Amino acid sequence: MKPAPFVHHAPRSVAEAVGVLAQVGPEGKVLAGGQSLIPILNMRLASPAHLVDINQVAGLADVVVTGTEVRIGALVRHAQLEHHDEAYAALPLLRQALVNVAHPVIRNRGTTVGSIAHADAAGEMPAVLALTEGVVEAVSAGGTREIAVADFFEGALETSLGADELVVGVRFRRFAEGTGTAFMERARRHGDYAMAGVAAAVRVEDGVVADARLSFVSVTDVPRTLDVTSAFAGQEPDAVDWSAAADLVAGAIEPDGDIHATAAYRAMLAAELSRLTLAAAAARSVALQQHLSDSEGPAA
Amino acid sequence: MTSQMFGAPVKRREDPRLVTGGGRYLDDLGHSALAAAFVRSPHAHARIVDIEVSDALDVDGLVGIWTHEDLPGRVGEPLPLLIPHPTLTHGRTQFALARDEVNYVGEAVVMVVARDRYVAEDVCQRIRVDYELLTPVVGIANARDGSALVHDDVPGNVACRMLQEVGDVDAAIAAAPHTLELDLDIERSACMPMEGKGVLARWDSDKGELRIFSSTQTSTGVRAAVAAKLDLPLAKVECIAPDVGGGFGVKINHPWPEEVLIPWAARLLDQEVKWTEDRREHFISSAHERGQLQQIRVGFDDDGRVLGLDVKFWHDNGAYTPYGIIVPIITSTQLLGPYKPGAYRCEFWSLYTNTVLVTPYRGAGRPQGCFAMERTMDAIADRLGLDRAEVRSRNFILPSEMPYDHGLLFQDGRPLKYDSGDFPASLAKLKALVGWDDFAAYREQAEAEGRRVGLGIGCYVEGTGVGPYEGGHIQIETSGRVNVSTGLTSQGQGHETSFAQIVAQELGVSIEDVFVTTGDTRRMPYAVGTFASRAAVMSGNAIALAARNVRAKALRIAADALEVSAEDLEIVDGDIRVKGAPGTHMTLGTVSVMSNPLRYAFDEAAKAATQFAGTADYSKPPVADDDEPGLEGKDFYSPTQATFANGMHAAIVETDPVTAEVKILRYCVIHDCGTMINPMIVEGQVHGGVAQGVGGALYERMVYDDSGQLLNASFMDFLMPYASEVPHIETDHLETPSPLNPLGIKGAGEAGCIPVTAVIASAISDAEGFAITSMPISPVELWELRQRHARGEIPSLRGTRHTPSAPVTSAPVTSAPSTPSREAP
Amino acid sequence: MTEPIADSATEELLDLTVVVNGVPRHAKAPARRLLSDFLRHDLRLTGTHVGCEHGVCGACTVLVDGQPMRSCLMFAVTAQAHEVTTVEGLGAIDSMGPVQQAFIECHGLQCGFCTPGFLTTITAYLEDHPHPTADEAREAISGNLCRCTGYQNIVKSVLRAAELRAERAGTTT
């Protein structure tokens with residue numbers, strides 16, 4: 001299990017990187033953390049002729065938190081984002097999801113942007129990007145474009161990215177103040193790809209559910225948001241039957257079976273995890289509202 | 001006295017180098033060697049039509065490409081069938097490189113040697129092999145059906161049919177008040193050592209000598225096999241097992257194709273050649289084990305005593321049978337565990353499939369046998385509404401009945417005769433450890449919290465320390481350094497430590513002065529190998545005997561020199577002294593000097609032994625007629641039969657009411673391997689065995705599709721447990737010495753994994769209220785079983801729930817057929 | 001379209017320099033050389049082991065700028081920007097690090113093949129979590145596979161190593 005030969009490019013700037021990409025076209029592959037790519041190369045499931053190693057590109061390793069967004073560069077490692085306190089305060093869902101990404105050692109090297117660009121339906125961070133209605137920033141020799149998450153993922157391991165484009169960063173949109181979030185998944189072993197996973201965001205306002213959304217891991221071809229507010233709107237969170245979204249969930253997912261779990265089992269898991277994450281997210285929202293009304297302080 | 005070494009939890013001698021990067025495993029050797037890689041069959045069953053290498057020839061760094069037609073003489077003949085058996089009427093082995101036909105995905109077809117492994121793989125990628133596809137036979141049911149054949153000349157895919165019977169089983173079952181039938185199945189897993197296999201060969205063209213390094217469990221076996229294949233005198237071949245990164249059975253089979261081809265290529269090229277198996281190769285071209293379908297019919301009395309046991313099973317032996325039928329023989333004999341079965345009959349069929357071959361994996365057929373017997377015990381208990389532990393104890397062979405002869409032939413071709421064991425005491429300890437009698441209350445509390453829990457149990461007996469023999473050689477240098485060698489190999493069992501403990505104890509030397517070498521045919525050419533939990537029993541006793549010989553010689557020489565009787569001497573910390581008069585003494589090093597009359601003085605100490613030192617008695621030759629120079633001793637240990645260890649495990653599991661995930665809350669082990677040399681090491685062996693057992697019960701399986709593709713040939717998808725999946729293991733020991741050997745020891749290596757599948761199945765059944773009959777079990781499968789149970793397709797357990805021990809007397813007798821197993825007509 | 005590399009005939013050897021265990025080490029190797037192979041075969045630091053080459057087993061784990069990473073999932077060419085610590089850098093036989101010593105004391109290894117990956121991982125973990133509980137210790141080692149020990153004595157080793165670190169810190173300050 002050794003990779004096939006390739007030409008290694010080590011650009012120092014985004015301009016240089018996209019210059020190389022423009023030149024090598026579909027024969028090239030971007031290497032960032034490599035935690036998904038290198039196993040594929042080692043098994044020779046892919047043999048790109050050129051690797052554009054962006055690890056030396058300046059300016060891609062920052063996490064920037066604004067009032068509305070968390071922006072991360074293409075070289076931000078999962079672990080860096082996971083332990084970024086300001087990012088956690090702004091968008092707790094990031095850490096809630098990141099702790100489920102493989103094992104810590106993989107998170108030390110793997111990049112969040114890389115896992116989004118890889119577009120694996122079993123990836124956690126694509127689901128987070130979907131739920132936050134985030135934006136992908138892509139640069140090519142021709143310029144920069146922003147791709148809304150809804151337009152980015154096109155299928156399993158497929159995105160709308162051009163072969164000459166480099167994702168330089170993504171922006172996760174922060175939820176409205178007082179929104180609680182939760183992320184849960186089930187894998188055969190701790191750290192494995194999930195059989196199913198669910199991210200939930202719930203906002204309780206004036207004592208009743210005002211907004212409830214889900215996104216999924218491993219049970220949809222393409223990460224996307226499912227708005228389940230209609231099942232709970234106006235209900236008091238303590239009295240809600242959080243399984244009421246089960247039909248909506250069942251209608252939104254299209255799980256496949258594989259050697260680890262059947263489609264039916266994954267559907268069951270998606271429903272169960274939806275119930276659990278919605279409840280957990282709602283509880284957090286209630287706590288946040290409590291905190292807000294107590295202190296008028298910033299959302300945490 | 002020298003401090004007690006035997007039986008002490010001595011820290012391991014091998015560890016300092018292993019924790020500092022100083023281990024030397026196969027791939028750590030031969031940095032300048034050429035590298036081999038293989039083109040392996042992508043098809044489970046096909047005829048080779050054409051092999052096209054022209055695209056590969058211009059790859060820079062390529063050294064050579066070989067197919068079967070390039071292999072001369074015996075190198076091109078089938079690999080040996082290592083363990084023939086009269087019932088193995090249709091044994092088949094593969095060629096080192098496939099000749100006309102491939103019979104599993106992964107079978108080697110072309111060998112490539114190149115500058116390094118990267119280039120070798122580049123070459124492999126450019127070689128095209130055309131195949132004509134044949135019908136693959138995958139799965140035991142398809143093999144048994146026999147409508148498609150793996151080997152054209154093996155009707156019904158049956159490699160072997162074997163029957164052993166003691167007593168009249170049909171009559172015993174017919175006369176029994178109750179009968180049950182069970183259908184069980186258990187799937188494939190594999191050893192999966194962290195280090196794969198590997199071979200490095202050096203050919204010395206000046207001397208015509210071959211040195212082989214192999215990550216093997218038998219260096220003497222590899223040496224003999226390669227010498228025969230390459231038509232070399234044994235004296236011109238040596239084989240060394242370096243540090244080996246785990247074996248668990250897969251490295252006992254030999255010679256692997258690569259063990260023949262790499263030395264052959266090294267000689268041909270007159271260059272060092274190395275092959276380091278990668279993980280994918282290990283999955284598809286090493287060996288698997290466990291797969292069996294079982295049918296059990298049992299007759300028993302009102303108290304749950306087994307009167308007759310009739311077992312049939314079908315064993316998946318994969319595409320070839322190089323290791324004979326050892327695994328199913330072990331299943332058929334070790335199935336009996338600690339029980340008296342009344343009349344017993346076992347008939348099995350060993351079947352070919354177009355899958356990776358099957359050779360022993362830790363436990364070697366015992367986990368399957370234990371599963372059969374223990375599921376049967378649970379079924380009997382449920383049928384009669386008796387406590388499961390109670391039913392087991394009523395069937396135990398008692399200490400007063402030892403030695404107990406089952407009247408069967410064991411895997412070594414010798415009687416299956418238990419030497420010792422105290423099963424009631426083991427069970428009592430287990431019940432105390434797990435809190436057997438308190439479980440009902442615990443469950444009640446758990447259920448009140450909405451949790452679903454179950455308790456399971458499993459008992460086994462393991463024949464360990466099978467022959468034919470091992471040897472020990474000990475030599476004491478003039479420095480006092482004690483060199484010990486034995487021929488079998490080490491794969492992490494701590495032999496450098498436990499064998500040193502034996503020598504330190506027997507000789508009266510410090511363990512720091514003892515240096516143990518294993519698996520090096522230059523040091524001990526007579527040996528068998530490390531398998532069947534035999535190393536401590538066989539080599540341990542051989543080394544102890546050798547140490548006693550050396551000690552006797554040392555005392556004899558010292559007694560002469562000190563002019564005292566040998567009986568009056570003792571050895572303390574390498575110093576021989578007169579008991580009660582420690583002022584009169586000499587060191588073992590000095591005795592070593594004296595034992596070797598010299599012409600040349602190589603150092604200060606040696607002067608004393610030279611010819612003009614003035615110590616000679618001119619009436620005697622320097623070395624007596626009946627003596628040998630040097631302070632050395634050698635001996636061999638060859639027992640008449642195996643020694644039988646035993647153990648009992650219990651587990652408490654929790655099953656998620658919604659997702660059917662299984663969590664092991666507690667895992668308890670009682671283990672009896674006779675006298676322990678090093679309890680720390682024994683404990684470690686138990687832990688590791690249980691972890692592999694947990695893998696086999698809940699996570700690991702080889703998933704083949706209908707075409708014979710292994711769908712999970714990676715650590716991503718073959719779910720070996722991480723620490724997060726293995727429970728904390730609680731252990732307690734019993735030490736029932738074996739009367740068969742000088743040290744009173746029994747083997748411990750495989751024990752831990754044997755009953756785990758049975759125990760977890762028992763616990764899940766107890767939690768769920770219906771019988772689990774197929775293992776391993778995943779959350780999905782349990783979830784589906786629940787649905788079938790809810791639909792009435794799977795009967796509920798009658799007793800449903802674990803209840804503490806009931807008295808032997810008034811056992812309830814019922815006959816309603818609503819049990820997991822069928823009431824026989 | 002660019003010319004893909006036809007075969008290794010044209011494969012360029014790069015002059016690579018990686019700082020390993022504090023020492024800049026040089027070797028010529030192609031761009032595709034995995035860091036694990038570079039350490040083992042080009043630098044002959046064979047303490048780092050290779051168990052799966054797809055990042056799952058953890059035997060090849062080394063510290064990259066102090067953080068544990070899989071050396072089989074990194075190219076040597078990329079590692080040039082970093083300082084790498086292997087098991088050989090954690091301590092020698094006469095100067096063992098606390099984790100190495102704890103593994104010996106607690107029988108935390110059997111065949112020793114997976115051990116270097118555990119040692120590097122745990123060393124880094126204890127830097128950030130000097131006083132783990134048994135559960136935390138178990139979680140900390142849950143990204144590495146061991147086929148011999150059943151992990152129990154590795155968990156014990158983590159806890160013992162934490163003690164040893166504290167003891168050593170106590171004696172040196």
# chains A, B, ... in the order shown; residues from 1 in each chain; ligands from 1
$ interface_residues --of "chain C" --to "chain A" --cutoff "9 Å" --atoms "only C-alpha atoms" --output "ChimeraX atom specification"
/C:1-5,7-8,11-12,30-34,52-55,58,61,67-70,72-75,77-78,81,121,140,142-144
$ interface_residues --of "chain B" --to "chain A" --cutoff "7 Å" --atoms "only C-alpha atoms" --output "list in words"
Tyr118, Asp122, Asp278, Thr659, Ser724, Glu725 and Val780 of chain B
$ residues_around --residues "Val149 in chain A" --least-positions-apart "3" --cutoff "8 Å" --atoms "only C-alpha atoms" --output "ChimeraX atom specification"
/A:129-130,133-136,152-153
$ write_last_selection --atoms "all heavy atoms" --output "PDB file, in the first residue's frame"
ATOM      1  N   LEU A 129     -22.068  22.586   8.117  1.00  0.00           N
ATOM      2  CA  LEU A 129     -22.123  23.691   7.154  1.00  0.00           C
ATOM      3  C   LEU A 129     -23.547  23.862   6.633  1.00  0.00           C
ATOM      4  O   LEU A 129     -24.040  24.979   6.459  1.00  0.00           O
ATOM      5  CB  LEU A 129     -21.155  23.434   5.988  1.00  0.00           C
ATOM      6  CG  LEU A 129     -20.939  24.633   5.065  1.00  0.00           C
ATOM      7  CD1 LEU A 129     -20.087  25.700   5.762  1.00  0.00           C
ATOM      8  CD2 LEU A 129     -20.292  24.222   3.747  1.00  0.00           C
ATOM      9  N   ALA A 130     -24.209  22.707   6.417  1.00  0.00           N
ATOM     10  CA  ALA A 130     -25.586  22.771   5.913  1.00  0.00           C
ATOM     11  C   ALA A 130     -26.507  23.425   6.940  1.00  0.00           C
ATOM     12  O   ALA A 130     -27.294  24.318   6.610  1.00  0.00           O
ATOM     13  CB  ALA A 130     -26.075  21.358   5.572  1.00  0.00           C
ATOM     14  N   GLU A 133     -26.194  27.012   7.229  1.00  0.00           N
ATOM     15  CA  GLU A 133     -26.392  27.694   5.946  1.00  0.00           C
ATOM     16  C   GLU A 133     -25.148  28.489   5.577  1.00  0.00           C
ATOM     17  O   GLU A 133     -25.190  29.681   5.278  1.00  0.00           O
ATOM     18  CB  GLU A 133     -27.645  28.577   5.993  1.00  0.00           C
ATOM     19  CG  GLU A 133     -28.899  27.722   6.036  1.00  0.00           C
ATOM     20  CD  GLU A 133     -30.155  28.513   6.392  1.00  0.00           C
ATOM     21  OE1 GLU A 133     -30.093  29.748   6.418  1.00  0.00           O
ATOM     22  OE2 GLU A 133     -31.188  27.859   6.637  1.00  0.00           O
ATOM     23  N   GLY A 134     -24.028  27.785   5.607  1.00  0.00           N
ATOM     24  CA  GLY A 134     -22.738  28.419   5.414  1.00  0.00           C
ATOM     25  C   GLY A 134     -22.392  28.659   3.962  1.00  0.00           C
ATOM     26  O   GLY A 134     -23.152  28.342   3.047  1.00  0.00           O
ATOM     27  N   VAL A 135     -21.206  29.194   3.797  1.00  0.00           N
ATOM     28  CA  VAL A 135     -20.740  29.616   2.481  1.00  0.00           C
ATOM     29  C   VAL A 135     -19.332  29.078   2.257  1.00  0.00           C
ATOM     30  O   VAL A 135     -18.510  29.085   3.170  1.00  0.00           O
ATOM     31  CB  VAL A 135     -20.720  31.164   2.384  1.00  0.00           C
ATOM     32  CG1 VAL A 135     -20.028  31.619   1.102  1.00  0.00           C
ATOM     33  CG2 VAL A 135     -22.139  31.711   2.462  1.00  0.00           C
ATOM     34  N   VAL A 136     -19.079  28.606   1.049  1.00  0.00           N
ATOM     35  CA  VAL A 136     -17.754  28.130   0.681  1.00  0.00           C
ATOM     36  C   VAL A 136     -17.083  29.187  -0.190  1.00  0.00           C
ATOM     37  O   VAL A 136     -17.693  29.681  -1.138  1.00  0.00           O
ATOM     38  CB  VAL A 136     -17.863  26.794  -0.096  1.00  0.00           C
ATOM     39  CG1 VAL A 136     -16.496  26.365  -0.620  1.00  0.00           C
ATOM     40  CG2 VAL A 136     -18.479  25.713   0.791  1.00  0.00           C
ATOM     41  N   PHE A 152     -23.317  23.879  -3.179  1.00  0.00           N
ATOM     42  CA  PHE A 152     -21.970  23.327  -3.151  1.00  0.00           C
ATOM     43  C   PHE A 152     -21.971  21.804  -3.283  1.00  0.00           C
ATOM     44  O   PHE A 152     -21.286  21.232  -4.120  1.00  0.00           O
ATOM     45  CB  PHE A 152     -21.266  23.757  -1.863  1.00  0.00           C
ATOM     46  CG  PHE A 152     -19.837  23.287  -1.794  1.00  0.00           C
ATOM     47  CD1 PHE A 152     -18.865  23.856  -2.622  1.00  0.00           C
ATOM     48  CD2 PHE A 152     -19.457  22.269  -0.925  1.00  0.00           C
ATOM     49  CE1 PHE A 152     -17.544  23.419  -2.569  1.00  0.00           C
ATOM     50  CE2 PHE A 152     -18.139  21.839  -0.864  1.00  0.00           C
ATOM     51  CZ  PHE A 152     -17.178  22.419  -1.690  1.00  0.00           C
ATOM     52  N   PHE A 153     -22.754  21.139  -2.445  1.00  0.00           N
ATOM     53  CA  PHE A 153     -22.758  19.669  -2.458  1.00  0.00           C
ATOM     54  C   PHE A 153     -23.679  19.167  -3.566  1.00  0.00           C
ATOM     55  O   PHE A 153     -24.837  19.547  -3.654  1.00  0.00           O
ATOM     56  CB  PHE A 153     -23.223  19.128  -1.105  1.00  0.00           C
ATOM     57  CG  PHE A 153     -22.309  19.508   0.020  1.00  0.00           C
ATOM     58  CD1 PHE A 153     -22.728  20.386   1.016  1.00  0.00           C
ATOM     59  CD2 PHE A 153     -21.017  18.996   0.092  1.00  0.00           C
ATOM     60  CE1 PHE A 153     -21.888  20.737   2.060  1.00  0.00           C
ATOM     61  CE2 PHE A 153     -20.163  19.352   1.138  1.00  0.00           C
ATOM     62  CZ  PHE A 153     -20.601  20.226   2.129  1.00  0.00           C
TER      63      PHE A 153
END
$ interface_residues --of "chain B" --to "chain C" --cutoff "8 Å" --atoms "only C-alpha atoms" --output "tab-separated table (two decimals) with C-alpha atoms, in the first residue's frame"
chain	number	residue	atom	x	y	z
B	11	LYS	CA	8.84	-7.05	35.04
B	12	ARG	CA	9.56	-8.07	31.50
B	15	ASP	CA	10.37	-4.23	27.56
B	16	PRO	CA	13.21	-1.70	27.87
B	17	ARG	CA	14.22	-2.19	24.25
B	18	LEU	CA	10.63	-2.43	23.01
B	19	VAL	CA	9.56	0.88	24.59
B	20	THR	CA	12.57	2.79	23.30
B	21	GLY	CA	12.35	1.85	19.65
B	22	GLY	CA	14.92	-0.90	20.02
B	23	GLY	CA	12.71	-3.77	18.92
B	24	ARG	CA	13.80	-5.40	15.69
B	28	ASP	CA	13.27	-3.21	10.60
B	31	HIS	CA	17.21	-1.76	4.71
B	58	ASP	CA	10.32	-0.40	-18.58
B	59	VAL	CA	9.65	0.68	-15.01
B	60	ASP	CA	12.86	2.04	-13.58
B	61	GLY	CA	13.94	-0.04	-10.60
B	119	VAL	CA	8.36	0.64	-7.42
B	122	ASP	CA	4.06	0.39	-9.70
B	192	MET	CA	-4.97	-9.70	12.75
B	193	PRO	CA	-1.65	-9.24	14.49
B	194	MET	CA	-0.55	-5.62	14.33
B	195	GLU	CA	2.50	-6.72	12.38
B	196	GLY	CA	1.68	-8.66	9.26
B	243	ASP	CA	10.84	-9.66	17.26
B	244	VAL	CA	7.40	-10.65	16.06
B	245	GLY	CA	4.53	-8.22	16.29
B	246	GLY	CA	1.86	-10.67	17.31
B	278	ASP	CA	0.75	-4.90	3.98
B	279	ARG	CA	-2.58	-4.78	5.71
B	280	ARG	CA	-4.67	-5.44	2.66
B	491	GLN	CA	5.20	-13.07	19.61
B	492	GLY	CA	4.74	-11.00	22.73
B	493	GLN	CA	4.17	-13.66	25.37
B	494	GLY	CA	7.18	-12.55	27.41
B	680	MET	CA	1.41	-10.48	35.63
B	681	ILE	CA	2.03	-12.07	32.24
B	684	GLY	CA	-2.06	-9.88	30.41
B	685	GLN	CA	-2.71	-12.95	28.29
B	687	HIS	CA	-6.95	-9.54	29.09
B	688	GLY	CA	-5.80	-9.79	25.50
B	689	GLY	CA	-7.74	-12.97	24.90
B	690	VAL	CA	-10.94	-11.48	26.27
B	691	ALA	CA	-10.50	-8.40	24.09
B	692	GLN	CA	-10.18	-10.59	21.01
B	714	SER	CA	-9.28	-2.73	5.98
B	715	PHE	CA	-9.11	-1.58	9.57
B	716	MET	CA	-11.72	0.99	8.60
B	720	MET	CA	-11.22	-4.58	15.69
B	721	PRO	CA	-12.06	-3.13	19.07
B	722	TYR	CA	-10.36	-0.01	20.35
B	723	ALA	CA	-10.04	0.62	24.08
B	724	SER	CA	-13.47	2.21	23.89
B	726	VAL	CA	-13.29	-3.36	25.50
B	728	HIS	CA	-12.58	-3.49	32.18
B	729	ILE	CA	-11.87	-7.14	32.94
$ residues_around --residues "Gly234 in chain A" --least-positions-apart "5" --cutoff "12 Å" --atoms "only C-alpha atoms" --output "PDB file with all heavy atoms, in the first residue's frame"
ATOM      1  N   ARG A 203     -34.670  27.033  18.487  1.00  0.00           N
ATOM      2  CA  ARG A 203     -34.795  28.312  19.195  1.00  0.00           C
ATOM      3  C   ARG A 203     -36.141  28.378  19.878  1.00  0.00           C
ATOM      4  O   ARG A 203     -37.188  28.197  19.250  1.00  0.00           O
ATOM      5  CB  ARG A 203     -34.630  29.490  18.220  1.00  0.00           C
ATOM      6  CG  ARG A 203     -34.584  30.852  18.935  1.00  0.00           C
ATOM      7  CD  ARG A 203     -33.981  31.927  18.037  1.00  0.00           C
ATOM      8  NE  ARG A 203     -34.595  31.890  16.712  1.00  0.00           N
ATOM      9  CZ  ARG A 203     -35.744  32.510  16.405  1.00  0.00           C
ATOM     10  NH1 ARG A 203     -36.375  33.216  17.303  1.00  0.00           N
ATOM     11  NH2 ARG A 203     -36.231  32.412  15.175  1.00  0.00           N
ATOM     12  N   VAL A 204     -36.065  28.550  21.168  1.00  0.00           N
ATOM     13  CA  VAL A 204     -37.279  28.716  21.959  1.00  0.00           C
ATOM     14  C   VAL A 204     -37.417  30.211  22.235  1.00  0.00           C
ATOM     15  O   VAL A 204     -36.458  30.852  22.662  1.00  0.00           O
ATOM     16  CB  VAL A 204     -37.173  27.937  23.294  1.00  0.00           C
ATOM     17  CG1 VAL A 204     -38.401  28.179  24.161  1.00  0.00           C
ATOM     18  CG2 VAL A 204     -36.994  26.449  23.012  1.00  0.00           C
ATOM     19  N   GLU A 205     -38.574  30.729  21.928  1.00  0.00           N
ATOM     20  CA  GLU A 205     -38.763  32.164  22.132  1.00  0.00           C
ATOM     21  C   GLU A 205     -40.079  32.371  22.866  1.00  0.00           C
ATOM     22  O   GLU A 205     -41.084  31.736  22.519  1.00  0.00           O
ATOM     23  CB  GLU A 205     -38.825  32.860  20.763  1.00  0.00           C
ATOM     24  CG  GLU A 205     -38.290  34.280  20.760  1.00  0.00           C
ATOM     25  CD  GLU A 205     -38.169  34.801  19.333  1.00  0.00           C
ATOM     26  OE1 GLU A 205     -39.216  35.139  18.747  1.00  0.00           O
ATOM     27  OE2 GLU A 205     -37.045  34.800  18.801  1.00  0.00           O
ATOM     28  N   ASP A 206     -40.039  33.192  23.867  1.00  0.00           N
ATOM     29  CA  ASP A 206     -41.228  33.457  24.667  1.00  0.00           C
ATOM     30  C   ASP A 206     -41.846  32.159  25.177  1.00  0.00           C
ATOM     31  O   ASP A 206     -43.076  31.978  25.175  1.00  0.00           O
ATOM     32  CB  ASP A 206     -42.277  34.241  23.847  1.00  0.00           C
ATOM     33  CG  ASP A 206     -41.689  35.564  23.337  1.00  0.00           C
ATOM     34  OD1 ASP A 206     -40.846  36.139  24.066  1.00  0.00           O
ATOM     35  OD2 ASP A 206     -42.037  35.972  22.206  1.00  0.00           O
ATOM     36  N   GLY A 207     -41.004  31.230  25.531  1.00  0.00           N
ATOM     37  CA  GLY A 207     -41.488  29.999  26.163  1.00  0.00           C
ATOM     38  C   GLY A 207     -42.010  28.945  25.218  1.00  0.00           C
ATOM     39  O   GLY A 207     -42.448  27.878  25.660  1.00  0.00           O
ATOM     40  N   VAL A 208     -41.963  29.209  23.917  1.00  0.00           N
ATOM     41  CA  VAL A 208     -42.438  28.181  22.968  1.00  0.00           C
ATOM     42  C   VAL A 208     -41.410  28.023  21.847  1.00  0.00           C
ATOM     43  O   VAL A 208     -40.577  28.895  21.602  1.00  0.00           O
ATOM     44  CB  VAL A 208     -43.815  28.558  22.353  1.00  0.00           C
ATOM     45  CG1 VAL A 208     -44.890  28.596  23.432  1.00  0.00           C
ATOM     46  CG2 VAL A 208     -43.726  29.881  21.604  1.00  0.00           C
ATOM     47  N   VAL A 209     -41.510  26.892  21.195  1.00  0.00           N
ATOM     48  CA  VAL A 209     -40.568  26.601  20.110  1.00  0.00           C
ATOM     49  C   VAL A 209     -40.865  27.534  18.938  1.00  0.00           C
ATOM     50  O   VAL A 209     -41.994  27.597  18.450  1.00  0.00           O
ATOM     51  CB  VAL A 209     -40.692  25.136  19.658  1.00  0.00           C
ATOM     52  CG1 VAL A 209     -39.791  24.874  18.454  1.00  0.00           C
ATOM     53  CG2 VAL A 209     -40.367  24.195  20.808  1.00  0.00           C
ATOM     54  N   ALA A 210     -39.816  28.254  18.517  1.00  0.00           N
ATOM     55  CA  ALA A 210     -39.999  29.190  17.406  1.00  0.00           C
ATOM     56  C   ALA A 210     -39.349  28.687  16.134  1.00  0.00           C
ATOM     57  O   ALA A 210     -39.754  29.047  15.031  1.00  0.00           O
ATOM     58  CB  ALA A 210     -39.423  30.552  17.781  1.00  0.00           C
ATOM     59  N   ASP A 211     -38.319  27.859  16.308  1.00  0.00           N
ATOM     60  CA  ASP A 211     -37.594  27.406  15.123  1.00  0.00           C
ATOM     61  C   ASP A 211     -36.917  26.086  15.467  1.00  0.00           C
ATOM     62  O   ASP A 211     -36.344  25.949  16.549  1.00  0.00           O
ATOM     63  CB  ASP A 211     -36.543  28.459  14.728  1.00  0.00           C
ATOM     64  CG  ASP A 211     -35.946  28.164  13.365  1.00  0.00           C
ATOM     65  OD1 ASP A 211     -36.707  28.076  12.387  1.00  0.00           O
ATOM     66  OD2 ASP A 211     -34.710  27.975  13.297  1.00  0.00           O
ATOM     67  N   ALA A 212     -36.965  25.119  14.569  1.00  0.00           N
ATOM     68  CA  ALA A 212     -36.291  23.830  14.801  1.00  0.00           C
ATOM     69  C   ALA A 212     -35.819  23.285  13.466  1.00  0.00           C
ATOM     70  O   ALA A 212     -36.604  23.163  12.521  1.00  0.00           O
ATOM     71  CB  ALA A 212     -37.250  22.844  15.472  1.00  0.00           C
ATOM     72  N   THR A 229     -39.746  22.927  12.081  1.00  0.00           N
ATOM     73  CA  THR A 229     -40.455  23.838  12.988  1.00  0.00           C
ATOM     74  C   THR A 229     -41.948  23.533  13.036  1.00  0.00           C
ATOM     75  O   THR A 229     -42.587  23.583  14.091  1.00  0.00           O
ATOM     76  CB  THR A 229     -40.238  25.306  12.529  1.00  0.00           C
ATOM     77  OG1 THR A 229     -38.852  25.512  12.282  1.00  0.00           O
ATOM     78  CG2 THR A 229     -40.732  26.276  13.576  1.00  0.00           C
ATOM     79  N   ALA A 239     -43.276  20.271  27.131  1.00  0.00           N
ATOM     80  CA  ALA A 239     -44.420  19.424  26.807  1.00  0.00           C
ATOM     81  C   ALA A 239     -44.301  18.781  25.430  1.00  0.00           C
ATOM     82  O   ALA A 239     -45.150  17.993  25.028  1.00  0.00           O
ATOM     83  CB  ALA A 239     -45.706  20.263  26.868  1.00  0.00           C
ATOM     84  N   VAL A 240     -43.228  19.105  24.746  1.00  0.00           N
ATOM     85  CA  VAL A 240     -43.128  18.639  23.355  1.00  0.00           C
ATOM     86  C   VAL A 240     -42.814  17.157  23.281  1.00  0.00           C
ATOM     87  O   VAL A 240     -41.992  16.648  24.043  1.00  0.00           O
ATOM     88  CB  VAL A 240     -42.025  19.444  22.624  1.00  0.00           C
ATOM     89  CG1 VAL A 240     -41.670  18.778  21.299  1.00  0.00           C
ATOM     90  CG2 VAL A 240     -42.473  20.862  22.397  1.00  0.00           C
TER      91      VAL A 240
END
$ select_by_dssp --residues "range 32-161 of chain C" --states "strand (DSSP E or B)" --output "PyMOL selection string"
chain C and resi 34+61-64+67-70+75+83-85+92+95
$ closest_atom_pairs --of "range 141-222 of chain B" --to "range 254-260 of chain B" --cutoff "9 Å" --atoms "only C-alpha atoms" --output "tab-separated table"
residue	atom	partner	partner_atom	distance
B:Gly198	CA	B:Glu258	CA	8.0
B:Val199	CA	B:Glu259	CA	6.2
B:Leu200	CA	B:Glu259	CA	8.6
B:Ala201	CA	B:Glu259	CA	8.9
B:Ile212	CA	B:Glu259	CA	8.5
B:Ser214	CA	B:Glu259	CA	7.5
B:Thr216	CA	B:His254	CA	8.2
B:Gln217	CA	B:His254	CA	8.9
B:Thr218	CA	B:His254	CA	8.0
B:Gly221	CA	B:His254	CA	7.0
B:Val222	CA	B:Pro255	CA	5.7
